[in-house]
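File shown: input-v4.txt. Contents: compact mmCIF, C-alpha atoms (C1' of nucleotides).
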```txt
# COMPACT_ATOMS: atom_id res chain seq x y z
CA MET A 421 -263.47 6.22 -94.42
CA ALA A 422 -264.25 2.64 -95.37
CA PRO A 423 -261.31 0.31 -96.01
CA ASP A 424 -262.39 -0.10 -99.62
CA ASP A 425 -261.62 3.50 -100.30
CA VAL A 426 -257.96 2.88 -99.85
CA LYS A 427 -257.55 -0.33 -101.83
CA PHE A 428 -254.93 0.23 -104.44
CA PHE A 429 -254.73 -3.03 -106.29
CA PRO A 430 -258.03 -4.79 -106.54
CA PRO A 431 -257.17 -8.32 -107.72
CA ALA A 432 -255.69 -7.52 -111.11
CA SER A 433 -256.19 -9.77 -114.08
CA ASP A 434 -254.13 -8.04 -116.71
CA THR A 435 -250.38 -8.46 -116.98
CA ARG A 436 -249.59 -4.94 -115.95
CA GLY A 437 -251.72 -5.12 -112.86
CA LYS A 438 -250.47 -8.54 -111.84
CA VAL A 439 -246.86 -7.49 -112.21
CA LEU A 440 -247.33 -4.28 -110.25
CA ALA A 441 -249.14 -6.04 -107.44
CA THR A 442 -246.43 -8.69 -107.27
CA ALA A 443 -243.64 -6.14 -107.40
CA LEU A 444 -245.18 -4.15 -104.58
CA GLN A 445 -245.28 -7.23 -102.39
CA LEU A 446 -241.77 -8.39 -103.16
CA PHE A 447 -240.13 -4.98 -103.16
CA THR A 448 -241.48 -4.12 -99.76
CA ARG A 449 -240.93 -7.53 -98.19
CA GLN A 450 -237.40 -8.09 -99.48
CA GLY A 451 -236.31 -4.82 -100.96
CA TYR A 452 -235.88 -3.86 -104.58
CA PHE A 453 -232.37 -5.24 -104.96
CA ASN A 454 -233.15 -8.53 -103.27
CA THR A 455 -235.96 -9.11 -105.73
CA SER A 456 -235.04 -10.60 -109.09
CA VAL A 457 -237.11 -10.28 -112.20
CA SER A 458 -237.22 -14.08 -112.34
CA GLN A 459 -238.92 -14.04 -108.97
CA ILE A 460 -241.50 -11.58 -110.22
CA VAL A 461 -242.01 -13.93 -113.17
CA ARG A 462 -242.64 -16.88 -110.88
CA VAL A 463 -244.92 -15.13 -108.40
CA SER A 464 -246.93 -13.10 -110.88
CA GLY A 465 -247.33 -15.95 -113.34
CA CYS A 466 -246.38 -13.67 -116.20
CA SER A 467 -243.48 -14.43 -118.48
CA THR A 468 -240.14 -12.63 -118.70
CA GLY A 469 -240.83 -11.46 -122.22
CA SER A 470 -244.21 -10.09 -121.29
CA ILE A 471 -242.82 -8.15 -118.39
CA TYR A 472 -240.00 -6.60 -120.38
CA HIS A 473 -242.45 -5.79 -123.14
CA HIS A 474 -244.56 -3.73 -120.73
CA PHE A 475 -241.95 -2.13 -118.53
CA GLY A 476 -238.73 -2.01 -120.51
CA ASP A 477 -236.52 -2.96 -117.63
CA LYS A 478 -236.61 -3.68 -113.92
CA GLU A 479 -236.39 -0.03 -113.02
CA GLY A 480 -239.41 0.58 -115.23
CA ILE A 481 -241.46 -1.64 -112.96
CA ALA A 482 -240.49 0.37 -109.90
CA ASN A 483 -241.19 3.58 -111.75
CA ALA A 484 -244.66 2.57 -112.85
CA LEU A 485 -245.43 1.37 -109.35
CA PHE A 486 -244.25 4.58 -107.80
CA GLU A 487 -246.30 6.70 -110.13
CA ALA A 488 -249.46 4.69 -109.64
CA LEU A 489 -249.20 4.88 -105.87
CA VAL A 490 -248.32 8.55 -105.65
CA ALA A 491 -251.15 9.45 -108.02
CA ARG A 492 -253.60 7.55 -105.88
CA ILE A 493 -252.45 9.25 -102.68
CA ASP A 494 -252.55 12.56 -104.43
CA ALA A 495 -256.18 12.03 -105.31
CA LEU A 496 -256.99 11.13 -101.71
CA PHE A 497 -255.37 14.35 -100.54
CA ASP A 498 -257.39 16.34 -103.04
CA ASP A 499 -260.47 14.76 -101.51
CA ILE A 500 -259.36 15.97 -98.11
CA GLU A 501 -258.88 19.47 -99.37
CA ARG A 502 -262.35 19.44 -100.87
CA ARG A 503 -264.13 17.92 -97.91
CA HIS A 504 -262.50 19.88 -95.11
CA SER A 505 -261.68 23.50 -94.49
CA GLY A 506 -259.16 24.95 -92.09
CA ALA A 507 -255.69 23.73 -91.26
CA ALA A 508 -256.62 21.77 -88.16
CA LYS A 509 -259.29 19.69 -89.87
CA ARG A 510 -257.22 19.08 -92.95
CA CYS A 511 -254.08 18.11 -91.10
CA ARG A 512 -256.01 15.80 -88.86
CA ALA A 513 -257.68 14.21 -91.86
CA VAL A 514 -254.27 13.69 -93.45
CA ILE A 515 -252.95 11.88 -90.40
CA GLU A 516 -256.09 9.82 -90.11
CA LEU A 517 -255.83 8.85 -93.76
CA LEU A 518 -252.19 7.89 -93.46
CA PHE A 519 -252.96 5.78 -90.41
CA THR A 520 -255.84 4.05 -92.15
CA LEU A 521 -253.74 3.44 -95.20
CA THR A 522 -250.91 2.01 -93.14
CA GLU A 523 -253.23 -0.52 -91.55
CA ALA A 524 -255.09 -1.40 -94.74
CA GLU A 525 -252.12 -1.52 -97.12
CA PRO A 526 -248.85 -1.41 -95.22
CA GLU A 527 -246.90 -2.22 -98.37
CA VAL A 528 -248.13 0.91 -100.06
CA MET A 529 -246.94 3.13 -97.23
CA GLU A 530 -243.71 1.23 -96.97
CA PHE A 531 -242.97 1.66 -100.63
CA VAL A 532 -244.04 5.27 -100.92
CA LEU A 533 -242.71 6.60 -97.63
CA TYR A 534 -239.77 4.46 -96.67
CA ALA A 535 -238.28 2.78 -99.70
CA ARG A 536 -234.97 4.39 -100.67
CA HIS A 537 -236.02 5.52 -104.12
CA ARG A 538 -232.78 7.38 -104.72
CA GLU A 539 -231.05 4.04 -104.87
CA PHE A 540 -233.14 2.48 -107.62
CA LEU A 541 -234.89 5.47 -109.22
CA PRO A 542 -231.97 7.89 -109.52
CA GLU A 543 -233.64 10.45 -111.75
CA ARG A 544 -236.53 10.95 -109.38
CA GLY A 545 -236.29 13.61 -106.69
CA PRO A 546 -236.79 12.85 -103.00
CA ILE A 547 -240.27 11.74 -102.08
CA CYS A 548 -240.75 14.78 -99.87
CA SER A 549 -240.77 16.97 -103.00
CA ALA A 550 -243.59 14.96 -104.51
CA ARG A 551 -246.98 16.57 -104.83
CA PRO A 552 -248.70 14.89 -101.87
CA PHE A 553 -245.97 16.01 -99.50
CA ARG A 554 -246.09 19.52 -100.84
CA LYS A 555 -249.81 19.53 -100.27
CA MET A 556 -249.32 18.45 -96.67
CA ARG A 557 -246.99 21.37 -96.08
CA ASP A 558 -249.40 23.63 -97.88
CA PHE A 559 -252.25 22.85 -95.51
CA VAL A 560 -250.05 24.00 -92.64
CA ALA A 561 -248.73 27.08 -94.41
CA ARG A 562 -252.20 28.32 -95.26
CA GLY A 563 -253.23 27.81 -91.65
CA MET A 564 -250.42 30.10 -90.67
CA GLU A 565 -251.72 32.86 -92.91
CA THR A 566 -255.11 32.75 -91.26
CA GLY A 567 -253.59 32.70 -87.78
CA GLU A 568 -254.82 29.19 -87.08
CA VAL A 569 -251.21 28.04 -86.79
CA ARG A 570 -248.58 29.82 -84.71
CA ALA A 571 -246.02 31.83 -86.64
CA VAL A 572 -242.89 29.73 -86.89
CA ASP A 573 -240.82 28.71 -89.88
CA PRO A 574 -243.26 26.91 -92.20
CA VAL A 575 -240.96 23.94 -92.60
CA VAL A 576 -240.65 23.57 -88.85
CA ALA A 577 -244.40 23.87 -88.45
CA ALA A 578 -245.08 21.14 -90.99
CA ALA A 579 -242.41 18.88 -89.50
CA SER A 580 -243.95 19.39 -86.06
CA VAL A 581 -247.50 18.69 -87.15
CA TYR A 582 -246.73 15.53 -89.10
CA GLY A 583 -243.46 14.35 -87.52
CA GLY A 584 -244.97 12.46 -84.64
CA ALA A 585 -247.51 10.71 -86.84
CA LEU A 586 -244.91 9.72 -89.44
CA ARG A 587 -242.76 8.41 -86.62
CA MET A 588 -245.65 6.27 -85.37
CA ILE A 589 -246.22 4.93 -88.86
CA HIS A 590 -242.56 4.01 -89.07
CA LEU A 591 -242.72 2.17 -85.76
CA ARG A 592 -245.84 0.34 -86.86
CA LEU A 593 -244.32 -0.73 -90.17
CA ASP A 594 -241.22 -1.93 -88.33
CA GLY A 595 -243.42 -4.15 -86.18
CA VAL A 596 -242.57 -2.28 -82.99
CA LEU A 597 -246.14 -1.20 -82.29
CA GLU A 598 -248.41 -4.10 -81.53
CA ARG A 599 -251.69 -2.25 -81.60
CA PRO A 600 -253.18 -0.63 -84.71
CA LEU A 601 -252.49 3.05 -85.28
CA GLY A 602 -256.13 4.00 -84.99
CA GLU A 603 -255.94 3.54 -81.24
CA PHE A 604 -253.32 6.25 -81.02
CA LEU A 605 -254.90 8.74 -83.36
CA ASP A 606 -256.49 11.03 -80.80
CA GLU A 607 -253.38 11.30 -78.66
CA VAL A 608 -251.09 11.73 -81.63
CA TRP A 609 -253.28 14.44 -83.00
CA ALA A 610 -253.56 16.24 -79.67
CA CYS A 611 -249.78 16.36 -79.35
CA ALA A 612 -249.29 17.37 -82.96
CA TRP A 613 -251.67 20.25 -82.80
CA ARG A 614 -250.50 21.54 -79.41
CA SER A 615 -247.05 21.89 -80.93
CA VAL A 616 -248.20 24.56 -83.39
CA ALA A 617 -251.46 25.94 -81.99
CA PRO A 618 -251.24 29.68 -81.25
CA MET B 1052 -220.18 20.65 -78.38
CA ALA B 1053 -217.15 21.09 -80.60
CA PRO B 1054 -217.26 19.48 -84.04
CA ASP B 1055 -214.33 17.25 -83.12
CA ASP B 1056 -216.40 15.50 -80.53
CA VAL B 1057 -218.53 13.96 -83.19
CA LYS B 1058 -215.88 12.84 -85.66
CA PHE B 1059 -216.27 9.16 -86.22
CA PHE B 1060 -213.51 8.26 -88.57
CA PRO B 1061 -210.40 10.31 -88.07
CA PRO B 1062 -208.22 9.62 -91.13
CA ALA B 1063 -207.65 5.91 -90.67
CA SER B 1064 -204.42 4.28 -91.64
CA ASP B 1065 -205.14 0.63 -90.92
CA THR B 1066 -207.00 -1.59 -93.35
CA ARG B 1067 -210.06 -1.93 -91.17
CA GLY B 1068 -210.41 1.79 -90.70
CA LYS B 1069 -209.84 2.60 -94.34
CA VAL B 1070 -212.39 0.05 -95.48
CA LEU B 1071 -215.02 1.21 -93.01
CA ALA B 1072 -214.52 4.86 -93.93
CA THR B 1073 -214.78 4.01 -97.62
CA ALA B 1074 -217.81 1.82 -97.13
CA LEU B 1075 -219.60 4.53 -95.19
CA GLN B 1076 -219.05 6.99 -98.00
CA LEU B 1077 -220.08 4.65 -100.79
CA PHE B 1078 -222.98 3.00 -99.00
CA THR B 1079 -224.58 6.33 -98.17
CA ARG B 1080 -223.88 7.97 -101.52
CA GLN B 1081 -224.96 5.09 -103.74
CA GLY B 1082 -226.62 2.61 -101.46
CA TYR B 1083 -225.36 -0.73 -100.25
CA PHE B 1084 -226.47 -2.70 -103.28
CA ASN B 1085 -225.11 -0.25 -105.79
CA THR B 1086 -221.70 -0.53 -104.18
CA SER B 1087 -219.51 -3.43 -105.26
CA VAL B 1088 -216.67 -4.84 -103.25
CA SER B 1089 -214.40 -4.09 -106.21
CA GLN B 1090 -215.32 -0.45 -105.84
CA ILE B 1091 -214.43 -0.51 -102.17
CA VAL B 1092 -211.15 -2.11 -103.19
CA ARG B 1093 -210.40 0.70 -105.63
CA VAL B 1094 -211.40 3.60 -103.41
CA SER B 1095 -209.93 2.31 -100.17
CA GLY B 1096 -206.71 1.15 -101.78
CA CYS B 1097 -206.92 -2.16 -99.93
CA SER B 1098 -206.99 -5.47 -101.77
CA THR B 1099 -209.87 -7.87 -102.19
CA GLY B 1100 -208.10 -10.54 -100.17
CA SER B 1101 -207.38 -8.19 -97.32
CA ILE B 1102 -210.95 -7.03 -97.11
CA TYR B 1103 -212.38 -10.54 -97.11
CA HIS B 1104 -209.79 -11.53 -94.53
CA HIS B 1105 -211.05 -8.85 -92.14
CA PHE B 1106 -214.77 -8.88 -92.76
CA GLY B 1107 -215.66 -12.32 -94.11
CA ASP B 1108 -218.08 -11.02 -96.70
CA LYS B 1109 -219.72 -7.86 -97.92
CA GLU B 1110 -222.41 -8.04 -95.29
CA GLY B 1111 -219.68 -8.23 -92.68
CA ILE B 1112 -218.48 -4.80 -93.71
CA ALA B 1113 -221.92 -3.31 -93.23
CA ASN B 1114 -222.27 -5.08 -89.92
CA ALA B 1115 -218.99 -3.79 -88.54
CA LEU B 1116 -219.84 -0.32 -89.73
CA PHE B 1117 -223.23 -0.42 -88.13
CA GLU B 1118 -221.84 -1.58 -84.82
CA ALA B 1119 -219.11 1.00 -84.73
CA LEU B 1120 -221.50 3.84 -85.43
CA VAL B 1121 -224.20 2.74 -83.04
CA ALA B 1122 -221.65 2.24 -80.27
CA ARG B 1123 -220.35 5.72 -80.79
CA ILE B 1124 -223.79 7.28 -80.68
CA ASP B 1125 -224.59 5.22 -77.66
CA ALA B 1126 -221.60 6.67 -75.85
CA LEU B 1127 -222.65 10.20 -76.77
CA PHE B 1128 -226.11 9.56 -75.34
CA ASP B 1129 -224.57 8.24 -72.14
CA ASP B 1130 -222.72 11.54 -71.92
CA ILE B 1131 -225.98 13.38 -72.22
CA GLU B 1132 -227.52 11.34 -69.46
CA ARG B 1133 -224.56 12.11 -67.23
CA ARG B 1134 -224.34 15.78 -67.98
CA HIS B 1135 -228.00 16.70 -67.85
CA SER B 1136 -230.88 15.95 -65.55
CA GLY B 1137 -234.57 16.19 -66.26
CA ALA B 1138 -236.44 15.16 -69.37
CA ALA B 1139 -236.54 18.58 -70.99
CA LYS B 1140 -232.81 19.15 -70.82
CA ARG B 1141 -231.96 15.65 -71.90
CA CYS B 1142 -234.37 15.59 -74.82
CA ARG B 1143 -233.17 18.95 -76.00
CA ALA B 1144 -229.57 17.82 -75.75
CA VAL B 1145 -230.43 14.75 -77.82
CA ILE B 1146 -231.94 16.83 -80.57
CA GLU B 1147 -229.05 19.27 -80.50
CA LEU B 1148 -226.59 16.41 -80.75
CA LEU B 1149 -228.42 14.81 -83.63
CA PHE B 1150 -228.53 18.14 -85.46
CA THR B 1151 -224.82 18.73 -84.88
CA LEU B 1152 -224.02 15.23 -86.00
CA THR B 1153 -226.09 15.60 -89.13
CA GLU B 1154 -224.19 18.70 -90.14
CA ALA B 1155 -220.77 17.36 -89.20
CA GLU B 1156 -221.12 13.84 -90.53
CA PRO B 1157 -224.23 13.49 -92.66
CA GLU B 1158 -223.16 10.04 -93.84
CA VAL B 1159 -223.24 8.74 -90.30
CA MET B 1160 -226.80 9.85 -89.74
CA GLU B 1161 -227.83 8.66 -93.16
CA PHE B 1162 -226.43 5.22 -92.54
CA VAL B 1163 -227.65 4.83 -88.98
CA LEU B 1164 -231.05 6.44 -89.30
CA TYR B 1165 -232.19 6.00 -92.85
CA ALA B 1166 -230.42 3.08 -94.47
CA ARG B 1167 -232.75 0.12 -94.91
CA HIS B 1168 -230.81 -2.28 -92.75
CA ARG B 1169 -233.46 -4.96 -93.01
CA GLU B 1170 -232.52 -5.37 -96.64
CA PHE B 1171 -228.84 -6.05 -96.16
CA LEU B 1172 -228.56 -6.99 -92.47
CA PRO B 1173 -231.50 -9.36 -92.14
CA GLU B 1174 -230.66 -10.76 -88.72
CA ARG B 1175 -230.55 -7.35 -87.13
CA GLY B 1176 -233.73 -5.90 -85.64
CA PRO B 1177 -235.08 -2.52 -86.68
CA ILE B 1178 -232.88 0.42 -85.76
CA CYS B 1179 -235.54 1.78 -83.45
CA SER B 1180 -235.00 -1.18 -81.12
CA ALA B 1181 -231.31 -0.37 -80.83
CA ARG B 1182 -229.98 0.95 -77.54
CA PRO B 1183 -229.69 4.62 -78.47
CA PHE B 1184 -233.30 4.76 -79.57
CA ARG B 1185 -234.41 3.00 -76.43
CA LYS B 1186 -232.50 5.56 -74.40
CA MET B 1187 -234.24 8.39 -76.23
CA ARG B 1188 -237.62 6.93 -75.34
CA ASP B 1189 -236.42 6.34 -71.81
CA PHE B 1190 -235.62 10.01 -71.25
CA VAL B 1191 -239.21 10.84 -72.11
CA ALA B 1192 -240.72 8.01 -70.08
CA ARG B 1193 -238.84 9.03 -66.94
CA GLY B 1194 -239.99 12.59 -67.44
CA MET B 1195 -243.52 11.33 -67.38
CA GLU B 1196 -243.01 9.65 -64.02
CA THR B 1197 -241.85 12.90 -62.49
CA GLY B 1198 -244.70 14.86 -64.04
CA GLU B 1199 -242.39 16.85 -66.28
CA VAL B 1200 -244.10 15.30 -69.30
CA ARG B 1201 -247.85 15.14 -69.77
CA ALA B 1202 -249.44 11.73 -69.25
CA VAL B 1203 -250.00 10.20 -72.66
CA ASP B 1204 -248.99 6.88 -74.10
CA PRO B 1205 -245.19 6.78 -73.73
CA VAL B 1206 -244.67 5.79 -77.34
CA VAL B 1207 -246.78 8.69 -78.51
CA ALA B 1208 -244.93 11.07 -76.20
CA ALA B 1209 -241.54 9.98 -77.54
CA ALA B 1210 -242.72 10.17 -81.14
CA SER B 1211 -244.04 13.67 -80.50
CA VAL B 1212 -240.88 14.94 -78.84
CA TYR B 1213 -238.48 13.62 -81.44
CA GLY B 1214 -240.69 13.29 -84.52
CA GLY B 1215 -240.35 16.85 -85.72
CA ALA B 1216 -236.59 16.88 -85.28
CA LEU B 1217 -236.13 13.57 -87.07
CA ARG B 1218 -238.29 14.89 -89.88
CA MET B 1219 -236.08 17.97 -90.17
CA ILE B 1220 -233.00 15.77 -90.27
CA HIS B 1221 -234.57 13.76 -93.05
CA LEU B 1222 -235.31 16.88 -95.05
CA ARG B 1223 -231.79 18.14 -94.54
CA LEU B 1224 -230.23 14.85 -95.63
CA ASP B 1225 -232.46 14.86 -98.70
CA GLY B 1226 -231.13 18.28 -99.65
CA VAL B 1227 -234.49 19.95 -99.22
CA LEU B 1228 -233.36 22.29 -96.45
CA GLU B 1229 -230.81 24.77 -97.63
CA ARG B 1230 -229.83 26.16 -94.26
CA PRO B 1231 -228.06 24.17 -91.54
CA LEU B 1232 -230.19 22.55 -88.88
CA GLY B 1233 -228.70 24.63 -86.09
CA GLU B 1234 -230.70 27.61 -87.26
CA PHE B 1235 -233.91 25.73 -86.63
CA LEU B 1236 -233.02 24.21 -83.30
CA ASP B 1237 -234.80 26.68 -81.04
CA GLU B 1238 -238.04 26.58 -82.99
CA VAL B 1239 -237.97 22.85 -83.40
CA TRP B 1240 -237.40 22.39 -79.72
CA ALA B 1241 -240.12 24.84 -78.75
CA CYS B 1242 -242.65 22.95 -80.87
CA ALA B 1243 -241.46 19.58 -79.65
CA TRP B 1244 -241.71 20.43 -76.01
CA ARG B 1245 -245.07 22.17 -76.29
CA SER B 1246 -246.48 18.98 -77.68
CA VAL B 1247 -245.90 17.09 -74.44
CA ALA B 1248 -245.50 19.75 -71.74
CA PRO B 1249 -248.13 19.40 -69.01
C1' DG C 870 -248.95 -9.43 -126.44
C1' DT C 871 -247.06 -13.61 -124.68
C1' DC C 872 -243.96 -17.20 -124.42
C1' DT C 873 -239.22 -20.16 -124.06
C1' DA C 874 -234.58 -20.42 -124.66
C1' DT C 875 -230.51 -18.22 -124.40
C1' DA C 876 -226.75 -14.63 -124.29
C1' DT C 877 -223.84 -11.72 -121.58
C1' DC C 878 -221.86 -9.81 -117.88
C1' DC C 879 -220.26 -8.81 -113.47
C1' DA C 880 -221.12 -9.46 -108.73
C1' DG C 881 -219.41 -11.89 -104.62
C1' DA C 882 -216.20 -14.96 -103.12
C1' DT C 883 -211.84 -18.12 -103.09
C1' DA C 884 -206.97 -19.97 -103.79
C1' DG C 885 -202.71 -19.82 -102.68
C1' DA C 886 -198.13 -17.27 -103.25
C1' DC C 887 -195.65 -13.96 -100.56
C1' DG D 996 -201.98 -9.75 -93.09
C1' DT D 997 -201.77 -8.53 -97.89
C1' DC D 998 -201.77 -9.36 -102.57
C1' DT D 999 -203.18 -11.06 -107.73
C1' DA D 1000 -205.49 -14.13 -110.46
C1' DT D 1001 -209.35 -16.72 -110.99
C1' DC D 1002 -213.86 -19.23 -110.44
C1' DT D 1003 -218.82 -19.50 -110.52
C1' DG D 1004 -223.56 -18.41 -110.06
C1' DG D 1005 -227.15 -15.84 -110.98
C1' DA D 1006 -228.79 -11.49 -112.47
C1' DT D 1007 -230.60 -8.51 -116.26
C1' DA D 1008 -231.87 -8.41 -120.65
C1' DT D 1009 -232.66 -10.15 -125.66
C1' DA D 1010 -234.12 -13.13 -129.74
C1' DG D 1011 -237.37 -14.69 -132.19
C1' DA D 1012 -241.28 -18.20 -132.64
C1' DC D 1013 -246.20 -18.15 -131.88
```

Go through the file and emit its structure as C-alpha cells.
Amino acid sequence: MAPDDVKFFPPASDTRGKVLATALQLFTRQGYFNTSVSQIVRVSGCSTGSIYHHFGDKEGIANALFEALVARIDALFDDIERRHSGAAKRCRAVIELLFTLTEAEPEVMEFVLYARHREFLPERGPICSARPFRKMRDFVARGMETGEVRAVDPVVAAASVYGGALRMIHLRLDGVLERPLGEFLDEVWACAWRSVAP
Amino acid sequence: MAPDDVKFFPPASDTRGKVLATALQLFTRQGYFNTSVSQIVRVSGCSTGSIYHHFGDKEGIANALFEALVARIDALFDDIERRHSGAAKRCRAVIELLFTLTEAEPEVMEFVLYARHREFLPERGPICSARPFRKMRDFVARGMETGEVRAVDPVVAAASVYGGALRMIHLRLDGVLERPLGEFLDEVWACAWRSVAP
DNA sequence: GTCTATATCCAGATAGAC
DNA sequence: GTCTATCTGGATATAGAC
C-alpha cells in the first residue's frame, strides 16, 4: 500500500478542512482540553465566527473530526475484506494497515485509538464498539467458524490476535519504539497468529 | 490473592487520603479536566485552602495520586518476583494480578493504565516507561535468556505476552465485557503463552 | 460565509483569620 | 492545618456588520 492511500487530510483549502486539520494536530499534540478555540483560530487562520458557524461549538469540531476519521478507516477495512479472503490474510492485512497508518499519520491513530473520547464526546460509545473495531473482531470470528482459528471465546481470540499489534502501536506513538513499526510486522504477526492458530 | 490485598484506599480519614480517594473517583469517572477543584472540595468535604495547602495545585493532586498508585503496583510486582520463578509463572501471575485489580478497583487501573497523563502531567514520561511496566518486560526478557521464551525481539515478545490481556482489561473498563475478567484468565493466558512459547 | 468586538462565566488560585 | 471570602485570567460562545 502506497503512503498516499492513507492520507486523510490533503492540504485543505476550505474552512472546514483547515479547521479539522488544525484540530487534529492540536488535539493530539496537546489534548482536547489543553486546546482552546482561540488557538485553533490562530493556527488555522480561520475566524472564530466562521468556526462556530460550521461546527456549532468546540465539541462539534471533535465530533466532525471523529466521524471523518472513522469513516475513512472503515472504508479501508472494507477494502481489506474485498481484497483478501480467510481470517489469517485479513487479520494480517489489518495489522499491516494499522502499522502503515501509524507511521504515515500518527495523529490519526492517536486520535482514533487513544484519545479519551468519553471525556469530550460523552454521547458517543467507546471506540471499540465502532464499526471498524467490530469488523476486526468479525474477521476473527468468521475464521473460527471455518476452523482456521482455534475455538476459544471470540473476544479472547480477537484480543489475542490484535492485542500485541495494538500494544506496539501504543509504544510507537508514545515514542518508546525508535524504529518504524514495519520492521516488526513479521514478528508481530507470527506471534499473533500462533496465539490462535489451531 | 484475597481482594483485600489489592485495596488501595481503605476509608481514609485524613485530608490527604480523603482528597486522593475523591480525586481518583472523579478523575476516572469524568476525566481530569472535567473535574474542578471545587467539586473535589464538595465531595471530599475538605476545604479549598486545605487542599491547596497539601498539594500546591490541581496538578499536584494528580501527581500524588499517580505516585501512590504506581508505588503500590510496583510493590505487588516485587511480590510476584519473589514468590514465583520462571517467566511463565511470573507473567501469568502478572496477568492474574492485573485482572484481579481491575475487578476490585477499576478506577485504579483506569487511572494508571488509560488516563492520558501526558495531557495533565506533562513532565512525566509515558506510563510504559514506569517501573512496573519495565518489570513486566523484564520478566519476559529473562525468560528469553533461559530459553523459556522463543527468541524474538524482546519488545515484540512482551507486547505479545501482555497485549491480549491488556486489551481485555480495556474492554472490561469500557463496559464492553459483561462477565468478570477472571472467567477469561485461563484462555487469555493460554493464547498469550502460545504466542511466545518455543 | 466570514469577520471583529465583546459578553459571560467559572476555573484555578490566593489572602489572611482562626 | 483548616477554613471562608475573594481575585483574576482566560475560556467558550454570541452579536451583528459586511

Review point. Do you have the atom CA of A:Trp613-atom CA of B:Ile1178 distance handy?
Key: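 Atom CA of A:Trp613 sits 27.5 Å away from atom CA of B:Ile1178.
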
Check your understanding: Taking all atoms listed in the file into account, what are the residues of chain C at most 9 Å from chain B, put as a list of chain:residue names?
Key ->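 On the chain C side, the interface is C:DA880, C:DG881, C:DA882, C:DT883.
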
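Distances to chain D were evaluated for B:Pro1157, B:Gly1082, B:Gly1096, B:Pro1205 using only C-alpha atoms (C1' of nucleotides), and the minimum falls at B:Gly1096.
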
**Study point:** Distance filter 10 Å, all atoms listed in the file, chain D against chain B, as a list in words
**Key:**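 Here they are: DG996, DT997, DC998 and DT999 of chain D.
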
Please produce a file of those selected residues containing C-alpha atoms (C1' of nucleotides), as a short mmCIF file (atom, residue, chain, number, x, y, z; two decimals), keeping the file's coordinate frame.
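Writing the result to selection17.cif gives the following:
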```cif
data_model
loop_
_atom_site.label_atom_id
_atom_site.label_comp_id
_atom_site.auth_asym_id
_atom_site.auth_seq_id
_atom_site.Cartn_x
_atom_site.Cartn_y
_atom_site.Cartn_z
"C1'" DG D 996 -201.98 -9.75 -93.09
"C1'" DT D 997 -201.77 -8.53 -97.89
"C1'" DC D 998 -201.77 -9.36 -102.57
"C1'" DT D 999 -203.18 -11.06 -107.73
#
```

Review point. Suppose you want the space between atom CA of A:Val608 and atom CA of B:Tyr1213; what is it in Å?
Key: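 If I compute the distance from atom CA of A:Val608 to atom CA of B:Tyr1213, I get 12.8 Å.
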
Check your understanding: Could you list, as a PyMOL selection string, every residue of chain A that has an atom within 9 Å of an atom of chain B, counting only C-alpha atoms?
Key -> chain A and resi 449-454+534-536+538-540+545-546+548-549+572-573+575-588+591+594-597+604+607-608+610-616

**Study point:** Closest of B:Ile1131, B:Ala1202, B:Ile1112, B:Ala1122 to B:Ile1146 - atom-to-atom distances counting all atoms listed in the file
**Key:** B:Ile1131

Point to revise | Shell of 9 Å around B:Ser1095, all atoms listed in the file, local chain residues under 4 positions omitted, as a ChimeraX atom specification | key: /B:1066,1069-1074,1090-1091

Point to revise | Straight-line distance linking atom CA of A:Val569 with atom CA of A:Arg557, stated in Å to one decimal | key: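 Between atom CA of A:Val569 and atom CA of A:Arg557 the gap works out to 12.2 Å.
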
Review point. Looking at only C-alpha atoms, which of B:Ala1181, B:Ala1126, B:Leu1224, B:Leu1148 is the one that sits closest to B:Glu1161?
Key: B:Leu1224
